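Only one structure is covered here, and it is reproduced in the block below.
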Amino acid sequence: MTDVVVIGAGPAGLVAALRAGDLGARTTLLTRDEFGGMAANDGPVPVRTLAHAARLMREARQLGQYGVSVSEPKLDYSRLLARVREVVEDVRVHSAFREQLKQAGVDIRERVGSARFVDPNTIETESGLRLRADKIILCAGGISRRLSVPGSDLTATHSDAWTLKAVPRSMLVIGAGATGVQVASIFNAFGCHIELFQAGPRILNTEDQDVSVAMAAAFRAAGIAVRENFGAIECFERTPNGVRMVFVKDGRREGAEAELAVIAVGWIADAAGLNLAAAGVKLDSKGYVQVDNYLRTSTEHVFAAGDITGRLMLVPQAIQDGFVAATNAVQGPTTALGDQVSPIGSFTDPEYAQVGLTEAKARDAHDVIVAKIRFDSTTRTIVDGRTIGFCKMIVDRATRQVVGCHIVGERAVEIAQVASIVIAARMKVDELARVPLSFPTYAGMLGRLAATISRQLNLAVGWQANEAEE
Ligand SMILES: Cc1cc2nc3c(=O)[nH]c(=O)nc-3n(C[C@H](O)[C@H](O)[C@H](O)COP(=O)(O)OP(=O)(O)OC[C@H]3O[C@@H](n4cnc5c(N)ncnc54)[C@H](O)[C@@H]3O)c2cc1C
């Protein structure tokens, strides 16, 4: 009998298998397809590569502003897809995990097809492998949620971008969360006409209200048709040139047509093929594997980590989950998931990012002081001609600690990383203001905001370069 079987070799599964191996468990890692999971093969890595191409195109368009003349950039989509494949391969080849897993003695079984429970301790794969294990860790990730309306088979998901031969002339993007806005922003930069549909009143509805407003305005300015509160989808129909979405708003039937309709309405656990019933593993009301703080499922010896649990669906969280699940699987329930500082952001144009509480949530729970700086008023953004956006800092008056930071604009995601460290370290705002951050930099905005708030709180911070900008 193997001590531990890990199902799925995405970030959660790789770390779970490594941790179990490091703790001395005889461990087998099974995965349906490629090593690296969706993160390496179908999510962040390929999408980031497309987003980088979009960035290069907009940077090329800026050259004239700096006296450099070149002709209008043109995209060769098939060449770009070849580059995506190169990058995916390069990242996979350079993954340190494979070597570390081998050193930890983990038996890696790739491309074995779907693994499923036969009974609570036995796993069988489509390739015919049959393993018994004391402990099983489910790291099978998630898949795009599909709509159950007539004609939904005519729609695509973000993954279908890899199979397109050329950039479509027009696209409907349904769902304006993190995935939808990325698809919309990237293909808009490639010259595709985009209509972005959001069921609720604002796009990016888990972001701070100011971020949603600024992103919607920036998208509209870039030519994306943003349609909030668009109504309820009735069906999709084939048209001579693509697809029509029929929807009903305020009792009126409307239609929108494009070459392609991409559905980005969320993510569900990839649990259908696992035959969880054979092990008594329960799903929660949203269809994710139900876990407690130790990442134990409803079946004592079965654990789950990463997207399959439906918590924050990001690579760093999947990695932390994998570590916690494997530690508890091998050593018993010793490590609980703590409160994590989790920066979230996206590589759209403009970028946006957040860490900590939104202003609305912060005001509910704290007596806060808020400061905001516009990108058209800082030296570095003016130097770079990147003047769209803002950075907002939220500080608890009593503790003087930063409780939230929200950014729209160039390098927003990087700025959020620095803010995350400030929050994780429970740094006081006046301590941050005293750090002589380099000038002129994007992260320097945090120093300037900290100095502004400190002064409003009558805290002595001394003089610093960032203040000179005010
Ligand atoms: C378009 C897009 C962009 C994203 N961008 C970012 C980003 O910028 N930053 C970020 O942090 N996160 C991003 N994410 C999210 C991130 O990719 C996921 O949170 C992460 O991959 C989750 O890791 P995981 O290990 O839980 O699952 P996955 O990476 O999904 O891996 C699960 C693995 O399990 C395998 N599997 C499934 N079922 C079975 C089975 N029955 N038997 C055997 N194997 C099975 C799958 O084939 C897969 O290899 C993005 C996601 C998408 C879709």
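Identifiers in this document derive from the order of the structure tokens: chains are assigned A, B, ..., residues are numbered from 1 separately in each chain, and ligands are numbered from 1 in order of occurrence.
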
*Residues within 7 Å of ligand 1 (only C-alpha atoms and all ligand atoms), as a ChimeraX atom specification?*
/A:7-13,30-39,42-44,47-48,113-116,139-142,158,179,270-271,273-274,305-308,313-316,318,346

_Would you pick out the contacts of Ala261 of chain A at 6 Å or less, using only C-alpha atoms, so that residues sharing its chain but fewer than 4 positions from it are not included, and give the list as a PyMOL selection string?_
chain A and resi 155+171-173

Save out the residues we just selected, N, CA and C atoms, as a short mmCIF file (atom, residue, chain, number, x, y, z; two decimals), in the first residue's frame.
data_model
loop_
_atom_site.label_atom_id
_atom_site.label_comp_id
_atom_site.auth_asym_id
_atom_site.auth_seq_id
_atom_site.Cartn_x
_atom_site.Cartn_y
_atom_site.Cartn_z
N THR A 155 -20.93 28.28 -27.45
CA THR A 155 -20.05 29.24 -26.79
C THR A 155 -18.68 28.60 -26.50
N MET A 171 -16.23 39.73 -30.46
CA MET A 171 -16.37 38.73 -29.40
C MET A 171 -17.34 39.24 -28.33
N LEU A 172 -18.23 38.36 -27.89
CA LEU A 172 -19.03 38.67 -26.71
C LEU A 172 -18.33 37.98 -25.55
N VAL A 173 -18.07 38.72 -24.49
CA VAL A 173 -17.49 38.09 -23.30
C VAL A 173 -18.56 38.17 -22.22
#

*If you run DSSP over the backbone, which residues in segment 9-164 of chain A end up strand (DSSP E or B)? Put them as number ranges by chain.*
A: 27-30, 107-109, 115-119, 122-125, 130-138, 142-144, 156

Store the residues of this selection in a file with N, CA, C and O atoms, as a short mmCIF file (atom, residue, chain, number, x, y, z; two decimals), in the first residue's frame.
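New file part18.cif:
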data_model
loop_
_atom_site.label_atom_id
_atom_site.label_comp_id
_atom_site.auth_asym_id
_atom_site.auth_seq_id
_atom_site.Cartn_x
_atom_site.Cartn_y
_atom_site.Cartn_z
N THR A 27 4.85 8.16 -1.49
CA THR A 27 3.86 9.04 -2.14
C THR A 27 3.81 8.80 -3.65
O THR A 27 4.84 8.70 -4.30
N THR A 28 2.59 8.75 -4.18
CA THR A 28 2.41 8.69 -5.64
C THR A 28 1.61 9.91 -6.05
O THR A 28 0.60 10.25 -5.42
N LEU A 29 2.07 10.56 -7.12
CA LEU A 29 1.38 11.73 -7.68
C LEU A 29 0.81 11.31 -9.02
O LEU A 29 1.56 10.92 -9.93
N LEU A 30 -0.53 11.40 -9.15
CA LEU A 30 -1.20 10.99 -10.39
C LEU A 30 -1.77 12.21 -11.07
O LEU A 30 -2.38 13.03 -10.40
N ASP A 107 6.71 9.04 -6.57
CA ASP A 107 6.47 8.32 -7.81
C ASP A 107 5.51 9.17 -8.66
O ASP A 107 4.35 9.36 -8.28
N ILE A 108 6.00 9.72 -9.77
CA ILE A 108 5.17 10.63 -10.57
C ILE A 108 4.55 9.84 -11.73
O ILE A 108 5.26 9.25 -12.53
N ARG A 109 3.24 9.87 -11.83
CA ARG A 109 2.54 9.20 -12.93
C ARG A 109 1.74 10.24 -13.70
O ARG A 109 0.71 10.71 -13.22
N ALA A 115 -8.48 9.91 -12.69
CA ALA A 115 -8.40 8.97 -11.57
C ALA A 115 -9.75 9.00 -10.85
O ALA A 115 -10.40 10.04 -10.79
N ARG A 116 -10.19 7.86 -10.33
CA ARG A 116 -11.48 7.81 -9.62
C ARG A 116 -11.41 6.84 -8.45
O ARG A 116 -10.59 5.91 -8.45
N PHE A 117 -12.24 7.12 -7.46
CA PHE A 117 -12.33 6.19 -6.33
C PHE A 117 -13.05 4.92 -6.75
O PHE A 117 -14.09 4.99 -7.42
N VAL A 118 -12.52 3.79 -6.33
CA VAL A 118 -13.22 2.51 -6.49
C VAL A 118 -13.89 2.20 -5.15
O VAL A 118 -15.03 1.76 -5.08
N ASP A 119 -13.13 2.44 -4.08
CA ASP A 119 -13.67 2.38 -2.72
C ASP A 119 -12.91 3.43 -1.92
O ASP A 119 -12.02 4.10 -2.48
N THR A 122 -9.12 3.01 -2.48
CA THR A 122 -8.57 2.54 -3.77
C THR A 122 -8.89 3.53 -4.89
O THR A 122 -10.03 3.98 -5.04
N ILE A 123 -7.83 3.84 -5.63
CA ILE A 123 -7.94 4.76 -6.77
C ILE A 123 -7.58 3.99 -8.04
O ILE A 123 -6.60 3.24 -8.06
N GLU A 124 -8.38 4.24 -9.08
CA GLU A 124 -8.09 3.60 -10.37
C GLU A 124 -8.02 4.70 -11.42
O GLU A 124 -8.78 5.67 -11.35
N THR A 125 -7.11 4.55 -12.39
CA THR A 125 -7.01 5.57 -13.43
C THR A 125 -7.49 4.98 -14.76
O THR A 125 -7.52 3.76 -14.93
N ARG A 130 -4.00 0.94 -10.64
CA ARG A 130 -4.87 0.76 -9.46
C ARG A 130 -3.99 0.86 -8.22
O ARG A 130 -3.00 0.14 -8.11
N LEU A 131 -4.31 1.79 -7.31
CA LEU A 131 -3.48 2.01 -6.13
C LEU A 131 -4.34 2.03 -4.88
O LEU A 131 -5.43 2.61 -4.89
N ARG A 132 -3.80 1.41 -3.81
CA ARG A 132 -4.47 1.55 -2.51
C ARG A 132 -3.64 2.51 -1.67
O ARG A 132 -2.41 2.50 -1.76
N ALA A 133 -4.29 3.34 -0.89
CA ALA A 133 -3.54 4.33 -0.10
C ALA A 133 -4.19 4.56 1.26
O ALA A 133 -5.41 4.44 1.40
N ASP A 134 -3.33 4.89 2.24
CA ASP A 134 -3.86 5.26 3.56
C ASP A 134 -4.55 6.62 3.51
O ASP A 134 -5.59 6.83 4.11
N LYS A 135 -3.85 7.53 2.82
CA LYS A 135 -4.35 8.92 2.76
C LYS A 135 -4.41 9.34 1.28
O LYS A 135 -3.51 9.01 0.51
N ILE A 136 -5.44 10.09 0.95
CA ILE A 136 -5.60 10.56 -0.43
C ILE A 136 -5.80 12.08 -0.39
O ILE A 136 -6.57 12.58 0.45
N ILE A 137 -5.08 12.78 -1.25
CA ILE A 137 -5.22 14.25 -1.28
C ILE A 137 -5.74 14.64 -2.66
O ILE A 137 -5.11 14.36 -3.69
N LEU A 138 -6.91 15.27 -2.68
CA LEU A 138 -7.55 15.65 -3.94
C LEU A 138 -7.09 17.05 -4.34
O LEU A 138 -7.37 18.02 -3.64
N GLY A 142 -10.10 22.98 -10.97
CA GLY A 142 -11.46 23.36 -11.38
C GLY A 142 -11.57 23.45 -12.89
O GLY A 142 -10.59 23.31 -13.62
N ILE A 143 -12.78 23.67 -13.32
CA ILE A 143 -13.04 23.88 -14.76
C ILE A 143 -14.03 25.04 -14.91
O ILE A 143 -14.74 25.38 -13.96
N SER A 144 -14.08 25.61 -16.11
CA SER A 144 -14.99 26.73 -16.35
C SER A 144 -16.43 26.28 -16.15
O SER A 144 -16.81 25.21 -16.62
N ALA A 156 -17.72 29.47 -26.18
CA ALA A 156 -16.35 29.00 -25.93
C ALA A 156 -15.93 29.39 -24.51
O ALA A 156 -16.66 30.11 -23.82
#

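From atom CA of Ala161 of chain A back to atom CA of Leu80 of chain A, the distance works out to 11.4 Å.
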
*Once DSSP has gone over the backbone, tell me which residues of segment 216-435 of chain A are in helix (DSSP H, G or I), as a VMD selection string.*
chain A and resid 216 to 221 272 to 274 276 to 279 306 to 309 315 to 331 359 to 365 375 to 377 379 to 384 412 to 424 429 to 433

File dump, residues just selected, C-alpha atoms, as a CSV table (one decimal), in the first residue's frame:
chain,number,residue,atom,x,y,z
A,216,ALA,CA,-15.2,50.2,-16.5
A,217,ALA,CA,-14.3,53.8,-17.6
A,218,ALA,CA,-10.9,52.7,-18.9
A,219,PHE,CA,-12.4,49.8,-20.8
A,220,ARG,CA,-15.0,52.1,-22.4
A,221,ALA,CA,-12.3,54.6,-23.3
A,272,ALA,CA,-17.3,14.9,-11.7
A,273,GLY,CA,-14.9,12.2,-12.7
A,274,LEU,CA,-13.6,11.4,-9.3
A,276,LEU,CA,-16.4,10.9,-4.7
A,277,ALA,CA,-19.5,9.1,-3.6
A,278,ALA,CA,-17.5,5.8,-3.4
A,279,ALA,CA,-15.4,7.4,-0.7
A,306,GLY,CA,-6.4,24.2,-4.2
A,307,ASP,CA,-9.2,25.2,-6.6
A,308,ILE,CA,-11.2,22.1,-5.9
A,309,THR,CA,-12.1,23.5,-2.5
A,315,VAL,CA,-1.6,29.7,-7.4
A,316,PRO,CA,-0.1,31.0,-4.1
A,317,GLN,CA,-3.2,29.8,-2.2
A,318,ALA,CA,-3.1,26.4,-4.0
A,319,ILE,CA,0.6,26.1,-3.0
A,320,GLN,CA,-0.2,26.9,0.7
A,321,ASP,CA,-3.1,24.5,0.7
A,322,GLY,CA,-1.0,21.7,-0.7
A,323,PHE,CA,1.5,22.1,2.1
A,324,VAL,CA,-1.2,22.2,4.8
A,325,ALA,CA,-3.1,19.3,3.4
A,326,ALA,CA,-0.1,17.0,3.1
A,327,THR,CA,1.3,18.0,6.5
A,328,ASN,CA,-2.1,17.1,8.1
A,329,ALA,CA,-2.4,13.9,6.0
A,330,VAL,CA,1.0,12.6,7.2
A,331,GLN,CA,1.2,14.1,10.7
A,359,GLU,CA,-13.0,50.6,1.6
A,360,ALA,CA,-16.6,49.6,2.2
A,361,LYS,CA,-15.6,46.6,4.3
A,362,ALA,CA,-12.9,48.5,6.1
A,363,ARG,CA,-15.5,51.3,7.0
A,364,ASP,CA,-17.8,48.6,8.4
A,365,ALA,CA,-15.2,47.2,10.7
A,375,PHE,CA,-1.5,58.4,-11.5
A,376,ASP,CA,-1.5,61.7,-13.3
A,377,SER,CA,0.2,63.3,-10.3
A,379,THR,CA,6.6,61.7,-11.2
A,380,ARG,CA,7.2,58.2,-12.4
A,381,THR,CA,3.8,57.7,-14.1
A,382,ILE,CA,4.2,61.1,-15.8
A,383,VAL,CA,7.8,60.1,-16.9
A,384,ASP,CA,6.4,56.9,-18.4
A,412,ALA,CA,-0.7,47.8,-10.1
A,413,VAL,CA,0.0,44.2,-9.4
A,414,GLU,CA,3.6,44.9,-8.4
A,415,ILE,CA,2.6,47.8,-6.1
A,416,ALA,CA,0.1,45.5,-4.4
A,417,GLN,CA,2.9,43.0,-3.6
A,418,VAL,CA,4.8,45.7,-1.6
A,419,ALA,CA,1.5,46.7,0.1
A,420,SER,CA,1.0,43.0,1.0
A,421,ILE,CA,4.3,42.9,2.8
A,422,VAL,CA,3.4,46.1,4.7
A,423,ILE,CA,0.1,44.5,5.8
A,424,ALA,CA,1.6,41.1,6.6
A,429,VAL,CA,1.7,53.8,8.5
A,430,ASP,CA,4.3,56.2,9.9
A,431,GLU,CA,6.9,53.5,9.9
A,432,LEU,CA,6.2,53.0,6.2
A,433,ALA,CA,6.4,56.7,5.6

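Counting only C-alpha atoms and comparing A:Lys286, A:Arg146, A:Arg426, A:His52, the residue that lies closest to Val341 of chain A is A:Arg426.
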
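Using only C-alpha atoms, the nearest neighbour of Met245 of chain A within the list A:Asn229, A:Gly338, A:His94, A:Val149 is A:Val149.
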
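Counting only C-alpha atoms, the residue from A:Val402, A:Val302, A:Val167, A:Ile203 that sits nearest to Val4 of chain A is A:Val302.
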